[in-house]
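Visitor: My file is protein_26.txt. It has compact mmCIF, C-alpha atoms:
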```txt
# COMPACT_ATOMS: atom_id res chain seq x y z
CA MET A 346 -31.62 87.58 -6.12
CA ARG A 347 -31.80 83.86 -6.79
CA SER A 348 -31.04 81.56 -3.90
CA PHE A 349 -29.05 78.34 -3.85
CA ARG A 350 -29.46 75.00 -2.20
CA ASN A 351 -26.82 74.47 0.42
CA ARG A 352 -26.22 70.73 0.28
CA THR A 353 -28.29 69.26 -2.54
CA PHE A 354 -25.45 69.08 -5.04
CA PRO A 355 -22.32 69.34 -2.89
CA VAL A 356 -19.07 70.42 -4.50
CA ILE A 357 -16.25 67.98 -3.79
CA LEU A 358 -13.17 70.14 -3.47
CA LEU A 359 -10.84 68.20 -1.21
CA ILE A 360 -7.09 67.97 -0.94
CA ALA A 361 -5.95 64.51 0.08
CA THR A 362 -3.36 65.80 2.53
CA ILE A 363 -5.90 67.79 4.58
CA ASN A 364 -7.15 65.82 7.55
CA VAL A 365 -8.67 68.02 10.23
CA SER A 366 -11.02 67.38 13.10
CA SER A 367 -14.36 69.15 13.26
CA GLY A 368 -15.16 71.98 15.63
CA GLY A 369 -12.99 74.08 17.91
CA THR A 370 -10.25 76.59 17.22
CA ASP A 371 -7.29 75.03 19.02
CA GLN A 372 -4.31 74.33 16.80
CA ASN A 373 -4.03 70.70 17.85
CA THR A 374 -2.15 68.02 15.97
CA SER A 375 -5.19 67.08 13.90
CA ASP A 376 -5.33 70.65 12.58
CA ALA A 377 -1.62 70.85 11.80
CA PRO A 378 -1.79 69.54 8.20
CA LEU A 379 -4.46 72.10 7.25
CA LEU A 380 -2.61 75.02 8.84
CA GLN A 381 0.69 73.98 7.29
CA ILE A 382 -0.99 73.91 3.88
CA ALA A 383 -2.61 77.28 4.58
CA ASP A 384 0.79 78.75 5.45
CA THR A 385 2.21 77.52 2.14
CA VAL A 386 -0.79 79.04 0.36
CA LEU A 387 -0.11 82.37 2.09
CA ILE A 388 3.44 82.47 0.74
CA TYR A 389 2.29 81.85 -2.83
CA GLN A 390 -0.38 84.59 -2.86
CA ARG A 391 0.47 87.25 -5.43
CA SER A 392 0.17 91.00 -4.90
CA THR A 393 -2.92 90.89 -7.13
CA GLY A 394 -4.67 88.81 -4.47
CA GLY A 395 -4.78 85.67 -6.60
CA TRP A 396 -2.59 82.60 -6.94
CA PRO A 397 -0.62 80.81 -9.67
CA SER A 398 -1.47 77.22 -10.56
CA ASN A 399 0.35 73.92 -10.38
CA TYR A 400 2.42 74.29 -7.25
CA ASP A 401 2.47 71.85 -4.35
CA ARG A 402 0.17 73.32 -1.70
CA SER A 403 1.19 70.66 0.81
CA GLU A 404 4.95 71.36 0.60
CA PRO A 405 6.51 72.69 3.84
CA LEU A 406 8.64 75.62 2.73
CA SER A 407 12.14 76.35 3.97
CA LYS A 408 13.10 79.96 4.68
CA ASP A 409 15.14 80.10 1.47
CA LYS A 410 12.25 78.67 -0.58
CA GLN A 411 9.85 81.17 0.99
CA ALA A 412 12.16 84.05 0.08
CA THR A 413 12.38 82.85 -3.53
CA ILE A 414 8.61 82.59 -3.84
CA LEU A 415 8.07 86.00 -2.23
CA ASP A 416 10.43 87.52 -4.81
CA ASP A 417 7.83 86.48 -7.42
CA ARG A 418 4.97 88.11 -5.53
CA SER A 419 4.51 90.85 -8.14
CA LYS A 420 4.09 88.39 -11.04
CA LEU A 421 0.85 88.75 -12.99
CA ASP A 422 0.24 85.03 -13.28
CA SER A 423 -2.77 84.69 -11.00
CA THR A 424 -5.32 82.31 -12.45
CA MET A 425 -8.52 80.33 -11.89
CA ASP A 426 -7.13 77.39 -13.89
CA ASN A 427 -6.91 73.92 -12.35
CA GLY A 428 -8.64 75.03 -9.16
CA ALA A 429 -6.26 77.90 -8.49
CA THR A 430 -7.40 80.85 -6.35
CA HIS A 431 -10.91 79.63 -5.53
CA GLN A 432 -9.40 76.51 -3.93
CA GLU A 433 -6.85 78.58 -2.01
CA ILE A 434 -9.63 80.78 -0.64
CA ARG A 435 -11.48 77.69 0.59
CA ILE A 436 -8.34 76.41 2.31
CA LEU A 437 -7.72 79.75 4.01
CA ALA A 438 -11.36 80.09 5.07
CA GLU A 439 -11.29 76.71 6.76
CA ALA A 440 -7.92 77.50 8.34
CA TYR A 441 -9.41 80.70 9.79
CA ARG A 442 -12.41 78.82 11.17
CA LYS A 443 -10.09 76.29 12.78
CA SER A 444 -7.49 78.71 14.14
CA SER A 445 -9.07 82.21 14.32
CA GLU A 446 -5.79 83.58 12.96
CA LYS A 447 -6.55 86.79 11.09
CA LYS A 448 -3.78 86.26 8.56
CA TYR A 449 -5.88 83.53 6.94
CA ARG A 450 -9.05 85.60 6.92
CA ASP A 451 -7.32 88.66 5.47
CA ALA A 452 -5.62 86.67 2.71
CA ALA A 453 -8.92 84.97 1.85
CA MET A 454 -10.64 88.35 1.56
CA ARG A 455 -7.90 89.63 -0.75
CA GLY A 456 -8.53 86.56 -2.87
CA VAL A 457 -12.28 87.22 -2.99
CA GLN A 458 -11.62 90.80 -4.05
CA PHE A 459 -9.30 89.54 -6.79
CA LEU A 460 -12.08 87.35 -8.18
CA ILE A 461 -14.56 90.22 -8.04
CA ASP A 462 -12.12 92.43 -9.94
CA ALA A 463 -11.44 89.69 -12.51
CA GLN A 464 -15.06 89.33 -13.65
CA TYR A 465 -15.95 90.81 -17.02
CA ASP A 466 -18.89 93.20 -17.31
CA ASN A 467 -20.76 90.50 -19.24
CA GLY A 468 -20.47 88.17 -16.25
CA GLY A 469 -17.72 85.84 -17.47
CA TRP A 470 -14.36 85.10 -15.89
CA PRO A 471 -11.12 84.67 -17.82
CA GLN A 472 -8.64 81.90 -17.14
CA ARG A 473 -6.05 84.41 -15.92
CA TYR A 474 -6.15 87.93 -14.54
CA PRO A 475 -4.87 90.60 -14.93
CA GLN A 476 -2.61 89.15 -17.65
CA LEU A 477 -5.21 89.01 -20.41
CA SER A 478 -3.52 87.59 -23.49
CA GLY A 479 -4.12 84.79 -25.97
CA TYR A 480 -6.70 82.20 -25.01
CA HIS A 481 -6.26 83.06 -21.32
CA GLN A 482 -8.56 86.04 -21.87
CA HIS A 483 -11.48 83.88 -23.01
CA ILE A 484 -14.44 83.24 -20.75
CA THR A 485 -13.21 79.92 -19.40
CA TYR A 486 -15.29 76.93 -18.35
CA ASN A 487 -12.35 74.61 -19.00
CA ASP A 488 -11.00 72.83 -15.92
CA HIS A 489 -13.87 74.18 -13.82
CA ALA A 490 -12.43 77.72 -13.83
CA MET A 491 -15.52 79.94 -14.00
CA ILE A 492 -17.85 77.46 -12.33
CA GLY A 493 -15.36 76.98 -9.49
CA VAL A 494 -15.47 80.72 -8.84
CA MET A 495 -19.26 80.77 -8.94
CA GLU A 496 -19.52 77.81 -6.57
CA LEU A 497 -17.26 79.68 -4.16
CA PHE A 498 -19.38 82.84 -4.39
CA ARG A 499 -22.50 80.74 -3.94
CA ASP A 500 -21.14 79.32 -0.69
CA ILE A 501 -20.26 82.82 0.47
CA THR A 502 -23.78 84.11 -0.21
CA ILE A 503 -25.49 81.21 1.61
CA GLU A 504 -23.14 81.76 4.57
CA ASP A 505 -21.48 78.38 4.54
CA GLU A 506 -19.87 77.75 7.93
CA ASN A 507 -16.40 78.53 6.57
CA PHE A 508 -17.48 81.95 5.30
CA HIS A 509 -19.20 83.56 8.29
CA PHE A 510 -16.35 86.08 8.37
CA VAL A 511 -17.22 87.62 4.99
CA PRO A 512 -18.79 91.10 5.54
CA GLU A 513 -22.33 91.75 4.35
CA ASP A 514 -21.25 94.22 1.67
CA PHE A 515 -18.99 91.54 0.15
CA ARG A 516 -21.83 89.02 0.24
CA LYS A 517 -24.02 91.41 -1.71
CA THR A 518 -21.24 92.01 -4.22
CA CYS A 519 -20.88 88.24 -4.65
CA GLU A 520 -24.66 87.98 -5.21
CA VAL A 521 -24.45 90.56 -7.99
CA ALA A 522 -21.48 88.71 -9.49
CA LEU A 523 -23.47 85.46 -9.45
CA GLU A 524 -26.39 87.08 -11.25
CA LYS A 525 -24.05 88.42 -13.92
CA GLY A 526 -22.32 85.04 -14.17
CA LEU A 527 -25.64 83.27 -14.63
CA THR A 528 -26.59 85.67 -17.41
CA CYS A 529 -23.28 84.83 -19.11
CA ILE A 530 -23.89 81.09 -18.77
CA LEU A 531 -27.33 81.35 -20.37
CA LYS A 532 -26.03 83.57 -23.18
CA THR A 533 -23.10 81.29 -24.01
CA GLN A 534 -25.16 78.11 -24.33
CA VAL A 535 -24.71 77.24 -27.98
CA VAL A 536 -27.73 77.25 -30.29
CA ILE A 537 -27.61 74.92 -33.32
CA ASP A 538 -30.47 74.75 -35.81
CA GLY A 539 -32.64 76.70 -33.39
CA HIS A 540 -32.02 74.37 -30.44
CA LEU A 541 -30.06 74.95 -27.26
CA THR A 542 -27.24 72.42 -26.87
CA ALA A 543 -24.22 72.64 -24.56
CA TRP A 544 -21.23 74.93 -24.02
CA CYS A 545 -17.72 75.27 -25.37
CA ALA A 546 -14.82 74.94 -22.95
CA GLN A 547 -14.12 78.63 -23.58
CA HIS A 548 -16.01 81.49 -25.20
CA ASP A 549 -14.83 84.74 -26.75
CA ARG A 550 -15.10 87.48 -24.14
CA THR A 551 -16.61 89.93 -26.64
CA THR A 552 -18.79 87.90 -29.00
CA LEU A 553 -19.50 85.07 -26.49
CA LYS A 554 -19.03 82.57 -29.34
CA PRO A 555 -17.11 79.30 -28.88
CA ALA A 556 -13.39 79.99 -29.00
CA LYS A 557 -10.15 78.09 -29.53
CA ALA A 558 -7.64 77.53 -26.75
CA ARG A 559 -4.58 75.34 -27.34
CA SER A 560 -3.95 74.05 -30.85
CA TYR A 561 -5.90 70.83 -30.24
CA GLU A 562 -8.71 72.54 -28.28
CA LEU A 563 -10.88 73.80 -31.12
CA PRO A 564 -14.19 75.70 -30.91
CA SER A 565 -16.64 72.93 -30.13
CA LEU A 566 -19.30 71.61 -27.78
CA SER A 567 -17.77 70.24 -24.62
CA GLY A 568 -18.89 66.84 -23.37
CA SER A 569 -16.89 67.37 -20.20
CA GLU A 570 -17.07 70.99 -19.01
CA SER A 571 -20.78 71.26 -19.84
CA VAL A 572 -21.54 68.75 -17.09
CA GLY A 573 -20.18 71.08 -14.42
CA ILE A 574 -22.22 73.96 -15.79
CA ILE A 575 -25.44 71.94 -15.63
CA ARG A 576 -24.64 70.80 -12.10
CA TYR A 577 -24.23 74.42 -11.08
CA LEU A 578 -27.54 75.41 -12.66
CA MET A 579 -29.26 72.57 -10.82
CA GLY A 580 -28.12 74.09 -7.53
CA ILE A 581 -30.26 77.19 -8.08
CA ASN A 582 -33.33 77.22 -5.86
CA ASN A 583 -36.64 78.09 -7.53
CA PRO A 584 -35.08 78.40 -11.01
CA ASP A 585 -36.92 80.54 -13.54
CA LYS A 586 -38.03 79.23 -16.92
CA ASN A 587 -34.78 80.28 -18.58
CA VAL A 588 -32.67 78.23 -16.17
CA VAL A 589 -35.03 75.25 -16.37
CA GLY A 590 -35.03 75.43 -20.15
CA SER A 591 -31.25 75.59 -20.23
CA ILE A 592 -30.93 72.50 -18.03
CA GLU A 593 -33.53 70.48 -19.91
CA ALA A 594 -32.01 71.31 -23.29
CA ALA A 595 -28.49 70.47 -22.18
CA VAL A 596 -29.55 67.17 -20.59
CA ALA A 597 -31.43 66.27 -23.77
CA TRP A 598 -28.28 67.03 -25.75
CA PHE A 599 -26.22 64.72 -23.56
CA LYS A 600 -28.77 61.95 -24.03
CA ARG A 601 -28.54 62.34 -27.81
CA MET A 602 -24.76 62.53 -27.86
CA LYS A 603 -23.93 59.41 -25.84
CA LEU A 604 -21.68 56.88 -27.56
CA THR A 605 -22.72 53.28 -27.05
CA GLY A 606 -21.22 49.91 -27.93
CA ILE A 607 -17.61 51.03 -27.53
CA ARG A 608 -15.05 50.90 -24.76
CA GLN A 609 -11.77 52.74 -24.35
CA VAL A 610 -8.99 50.47 -23.08
CA ARG A 611 -5.27 50.63 -22.56
CA ILE A 612 -3.13 47.93 -24.16
CA GLU A 613 0.54 47.05 -23.96
CA ALA A 614 2.61 48.78 -26.64
CA PRO A 615 6.27 47.84 -26.29
CA GLY A 616 8.65 50.40 -27.68
CA THR A 617 6.35 53.37 -27.12
CA GLU A 618 7.05 56.17 -24.67
CA LYS A 619 4.60 54.90 -22.07
CA GLY A 620 4.82 51.24 -22.99
CA SER A 621 1.08 51.26 -23.53
CA ASP A 622 -1.52 52.82 -25.81
CA LYS A 623 -5.17 53.84 -25.72
CA ILE A 624 -7.50 52.19 -28.20
CA VAL A 625 -11.25 51.98 -28.70
CA ILE A 626 -12.84 48.54 -29.07
CA GLN A 627 -16.35 47.35 -29.82
CA ASP A 628 -18.23 46.21 -26.72
CA PRO A 629 -22.06 46.03 -26.67
CA ASN A 630 -22.00 45.83 -22.86
CA ALA A 631 -19.87 48.94 -22.33
CA PRO A 632 -21.40 51.90 -20.45
CA PRO A 633 -22.09 55.05 -22.51
CA LEU A 634 -19.19 57.36 -23.26
CA TRP A 635 -19.10 60.98 -24.34
CA GLY A 636 -16.54 62.80 -26.43
CA ARG A 637 -14.53 65.64 -24.95
CA PHE A 638 -15.27 67.75 -28.05
CA TYR A 639 -18.18 67.75 -30.53
CA ASP A 640 -18.12 69.50 -33.90
CA LEU A 641 -20.26 72.65 -33.99
CA LYS A 642 -21.87 71.68 -37.30
CA THR A 643 -22.13 67.92 -37.37
CA GLN A 644 -22.29 67.48 -33.58
CA LYS A 645 -20.07 64.43 -33.92
CA PRO A 646 -17.09 63.87 -31.59
CA PHE A 647 -13.63 64.63 -32.93
CA PHE A 648 -10.03 64.10 -31.87
CA CYS A 649 -7.05 66.31 -32.56
CA SER A 650 -3.26 66.31 -32.58
CA ARG A 651 -1.19 69.43 -32.00
CA ASP A 652 -1.51 70.26 -35.69
CA GLY A 653 -5.07 71.42 -35.02
CA ILE A 654 -6.67 69.16 -37.64
CA PRO A 655 -9.78 67.38 -36.28
CA LYS A 656 -10.02 63.64 -36.89
CA PRO A 657 -13.03 61.30 -36.59
CA SER A 658 -11.38 58.63 -34.43
CA LEU A 659 -8.90 58.34 -31.58
CA SER A 660 -6.59 56.15 -33.63
CA ASP A 661 -6.18 58.93 -36.21
CA ILE A 662 -4.28 61.29 -33.94
CA SER A 663 -0.69 61.25 -32.67
CA TYR A 664 0.42 58.84 -29.97
CA GLU A 665 1.42 61.79 -27.78
CA ARG A 666 -2.02 63.46 -27.85
CA ARG A 667 -3.92 60.18 -27.78
CA ASN A 668 -2.25 59.25 -24.51
CA GLY A 669 -1.74 62.71 -23.05
CA TYR A 670 -5.30 64.02 -22.98
CA SER A 671 -8.80 62.92 -22.01
CA TRP A 672 -10.78 62.46 -25.24
CA LEU A 673 -13.49 60.05 -24.14
CA GLY A 674 -15.09 59.50 -20.77
CA GLU A 675 -18.19 58.68 -18.78
CA TYR A 676 -18.50 62.43 -18.25
CA ALA A 677 -22.30 62.61 -18.02
CA ARG A 678 -22.96 59.25 -16.33
CA ASP A 679 -23.80 60.58 -12.86
CA LEU A 680 -25.51 63.64 -14.32
CA LEU A 681 -28.03 61.52 -16.21
CA ASN A 682 -28.37 58.65 -13.76
CA LYS A 683 -28.37 60.50 -10.44
CA HIS A 684 -28.33 64.27 -10.47
CA TYR A 685 -30.90 64.99 -13.16
CA PRO A 686 -33.53 62.56 -11.76
CA LEU A 687 -33.02 64.06 -8.29
CA TRP A 688 -33.37 67.58 -9.66
CA LYS A 689 -36.56 66.64 -11.52
CA GLU A 690 -37.99 65.17 -8.34
CA GLN A 691 -37.25 68.38 -6.47
CA GLN A 692 -38.91 70.50 -9.14
CA HIS A 693 -42.20 68.61 -8.66
CA ARG A 694 -42.35 68.99 -4.89
```
Mind turning the file's structure into structure tokens?
Guide:
Amino acid sequence: MRSFRNRTFPVILLIATINVSSGGTDQNTSDAPLLQIADTVLIYQRSTGGWPSNYDRSEPLSKDKQATILDDRSKLDSTMDNGATHQEIRILAEAYRKSSEKKYRDAAMRGVQFLIDAQYDNGGWPQRYPQLSGYHQHITYNDHAMIGVMELFRDITIEDENFHFVPEDFRKTCEVALEKGLTCILKTQVVIDGHLTAWCAQHDRTTLKPAKARSYELPSLSGSESVGIIRYLMGINNPDKNVVGSIEAAVAWFKRMKLTGIRQVRIEAPGTEKGSDKIVIQDPNAPPLWGRFYDLKTQKPFFCSRDGIPKPSLSDISYERRNGYSWLGEYARDLLNKHYPLWKEQQHR
């Protein structure tokens, strides 16, 4: 089995409302916010073992609200989208370390089992499970879904301090899942004109080819999600030639795809819904940007309204999509300036 570095490329998965002291198991006042959040997380856990997304983890729940949520326990809406499930497991694991209350440990283990069950035989994870329909059934890198699960499993296998409670047989199962997941990552890296490039935000679970999600999320190369994949690969200790080749090719792709001499700004736009608008201006001093999506043939960035028709510039799409989605960003800035040079240095030690 491959091993992973514990702290070289730390995963920042924090919730602003959690503020706990280090060490000890007493439920003192400094631990109260974490345990209150963990109790809310417990109520939202579905019978499948997973969690839905987009609820307020920090909300103290009244008895009536708890009863309403528990009535939905049998819903099949568990997901890995937007940090769901793998983030809940992290919260519960820390709550168990702080409190020693078995309810947190047991719920976390049910969550781990859910993620094990959700993995496809080819190593990928869908966005949702077990409700596999539409684009939710695709192997999903979007919003850190699959990589978030793999980072969790990685921390379990290296016995991070919050996961000492995980039994050895589960650790071994997570190791196998990580090997399968890595195989899927390497197989889904898109090849264009004989060269490895990057990844799509989601891939077909059967063919592994880039796949469409929402109407404006077309099959493409992702300038955003691919960064998280590379960061994960860089956390593998003693990577083999396939992993090294994947990283080097993807980094080279990001270097080729950077957009220079432009800056995205927000201007006042009286009479519009938000009162402002995003535009792109020329600026020779602007830092490099990357597109959210790159065409699979031309490898040029594109923008898209809900009609699903790709356009060459941000100004060509609807006001609603232009201002309601991230189309351009400094996505690979830290990857190229910090993380890749550090990784290269480590490879030559």
Visitor: Residues within 10 Å of (-6.6, 83.6, -34.4), file coordinates, counting all atoms listed in the file: what are they? Give the list as a VMD selection string.
Guide: chain A and resid 479 to 480 556 to 558
Visitor: For CA of Val386 (chain A) and CA of Ile492 (chain A), quote the distance in Å rounded to one decimal.
Guide: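 Distance reported for this atom pair: 21.3 Å.
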Visitor: Between A:Thr542, A:Gln547, A:Asn487, A:Thr617, which has the minimum distance to Asp426 (chain A) (counting only C-alpha atoms)?
Guide: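 When distances to Asp426 (chain A) are compared using only C-alpha atoms, the smallest one comes from A:Asn487.
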Visitor: To one decimal place, how far is CA of Phe508 (chain A) from CA of Thr430 (chain A) in Å?
Guide: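 Atom-to-atom, CA of Phe508 (chain A) and CA of Thr430 (chain A) are spaced 15.4 Å apart.
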Visitor: From the list A:Gln609, A:Ser591, A:Ser569, A:Thr518, which residue is nearest Ile461 (chain A) when using all atoms listed in the file?
Guide: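 Checking each of A:Gln609, A:Ser591, A:Ser569, A:Thr518 against Ile461 (chain A), counting all atoms listed in the file, the winner is A:Thr518.
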Visitor: Could you tell me how far CA of Thr643 (chain A) sits from CA of Pro657 (chain A), in Å to one decimal place?
Guide: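 Interatomic distance, CA of Pro657 (chain A) to CA of Thr643 (chain A): 11.3 Å.
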Visitor: May I have the residues within 12 Å of Ile624 (chain A) as a PyMOL selection string, using only C-alpha atoms and disregarding those fewer than 4 positions away in the same chain?
Guide: chain A and resi 607-614+658-662+664+667-668+672-673
Visitor: Please list as a ChimeraX atom specification every residue within 8 Å of region 679-688 of chain A, counting all atoms listed in the file and excluding residues in the same chain fewer than 5 positions away.
Guide: /A:354,572,576,579,596,600
Visitor: Within 6 Å of (1.3, 91.4, -4.5) (file coordinates; all atoms listed in the file), which protein or nucleic acid residues are there? I'd like them as a PDB file with C-alpha atoms, in the frame of the given file.
Guide:
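Saved the output as out_24.pdb:
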```
ATOM      1  CA  ARG A 391       0.470  87.250  -5.430  1.00  0.00           C
ATOM      2  CA  SER A 392       0.170  91.000  -4.900  1.00  0.00           C
ATOM      3  CA  THR A 393      -2.920  90.890  -7.130  1.00  0.00           C
ATOM      4  CA  ARG A 418       4.970  88.110  -5.530  1.00  0.00           C
ATOM      5  CA  SER A 419       4.510  90.850  -8.140  1.00  0.00           C
TER       6      SER A 419
END
```
Visitor: May I have the residues within 12 Å of Gly428 (chain A) as a PyMOL selection string, using all atoms listed in the file and disregarding those fewer than 3 positions away in the same chain?
Guide: chain A and resi 357-360+395-400+402+423-425+431-436+472-473+486-494+496-497
Visitor: Tell me, as a ChimeraX atom specification, which residues lie within 9 Å of Glu675 (chain A), counting all atoms listed in the file; anything in the same chain fewer than 2 positions away does not count.
Guide: /A:569,632-636,673,677-679
Visitor: For each of A:Phe510, A:Phe498, A:Phe459, A:Tyr670, take the minimum atom-to-atom distance to Arg651 (chain A), counting only C-alpha atoms, then give the residue where this is smallest.
Guide: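 Nearest candidate to Arg651 (chain A) out of A:Phe510, A:Phe498, A:Phe459, A:Tyr670: A:Tyr670.
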Visitor: Of the candidates A:Ser560, A:Tyr577, A:Ser567, A:Phe638, which one gets nearest to Asp500 (chain A) if we count only C-alpha atoms?
Guide: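 Of the candidates, the smallest distance to Asp500 (chain A) is held by A:Tyr577.
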Visitor: Would you mind listing what lies within 6 Å of region 550-555 of chain A as a list of chain:residue names, with all atoms listed in the file counted and same-chain residues fewer than 3 positions away left out?
Guide: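 Returned residues: A:His483, A:Ile484, A:Thr533, A:Cys545, A:Pro564.
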Visitor: Return the single residue from A:Glu690, A:Asp401, A:Glu562, A:Glu618 that is closest to Tyr639 (chain A), with distances computed using only C-alpha atoms.
Guide: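 Result for the nearest residue to Tyr639 (chain A): A:Glu562.
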Visitor: Find, counting all atoms listed in the file, the residue in A:His509, A:Lys420, A:Lys443, A:Arg499 that gets nearest to Tyr474 (chain A).
Guide: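 Ranking A:His509, A:Lys420, A:Lys443, A:Arg499 by distance to Tyr474 (chain A), first place goes to A:Lys420.
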Visitor: Please output region 591-603 of chain A, rebuilt to include N, CA and C atoms, as a compact mmCIF listing (two decimals), in the frame of the given file.
Guide:
```
# COMPACT_ATOMS: atom_id res chain seq x y z
N SER A 591 -32.66 75.83 -19.95
CA SER A 591 -31.25 75.59 -20.23
C SER A 591 -30.85 74.19 -19.77
N ILE A 592 -31.25 73.82 -18.56
CA ILE A 592 -30.93 72.50 -18.03
C ILE A 592 -31.54 71.39 -18.88
N GLU A 593 -32.83 71.53 -19.16
CA GLU A 593 -33.53 70.48 -19.91
C GLU A 593 -32.92 70.30 -21.30
N ALA A 594 -32.58 71.40 -21.95
CA ALA A 594 -32.01 71.31 -23.29
C ALA A 594 -30.63 70.65 -23.25
N ALA A 595 -29.83 71.03 -22.28
CA ALA A 595 -28.49 70.47 -22.18
C ALA A 595 -28.52 68.97 -21.84
N VAL A 596 -29.42 68.59 -20.94
CA VAL A 596 -29.55 67.17 -20.59
C VAL A 596 -30.02 66.38 -21.81
N ALA A 597 -30.97 66.94 -22.55
CA ALA A 597 -31.43 66.27 -23.77
C ALA A 597 -30.29 66.11 -24.76
N TRP A 598 -29.45 67.10 -24.85
CA TRP A 598 -28.28 67.03 -25.75
C TRP A 598 -27.36 65.89 -25.32
N PHE A 599 -27.09 65.79 -24.04
CA PHE A 599 -26.22 64.72 -23.56
C PHE A 599 -26.83 63.34 -23.84
N LYS A 600 -28.14 63.22 -23.73
CA LYS A 600 -28.77 61.95 -24.03
C LYS A 600 -28.60 61.59 -25.51
N ARG A 601 -28.69 62.60 -26.38
CA ARG A 601 -28.54 62.34 -27.81
C ARG A 601 -27.10 62.03 -28.19
N MET A 602 -26.17 62.61 -27.47
CA MET A 602 -24.76 62.53 -27.86
C MET A 602 -24.01 61.34 -27.25
N LYS A 603 -24.65 60.52 -26.46
CA LYS A 603 -23.93 59.41 -25.84
C LYS A 603 -23.46 58.42 -26.90
```
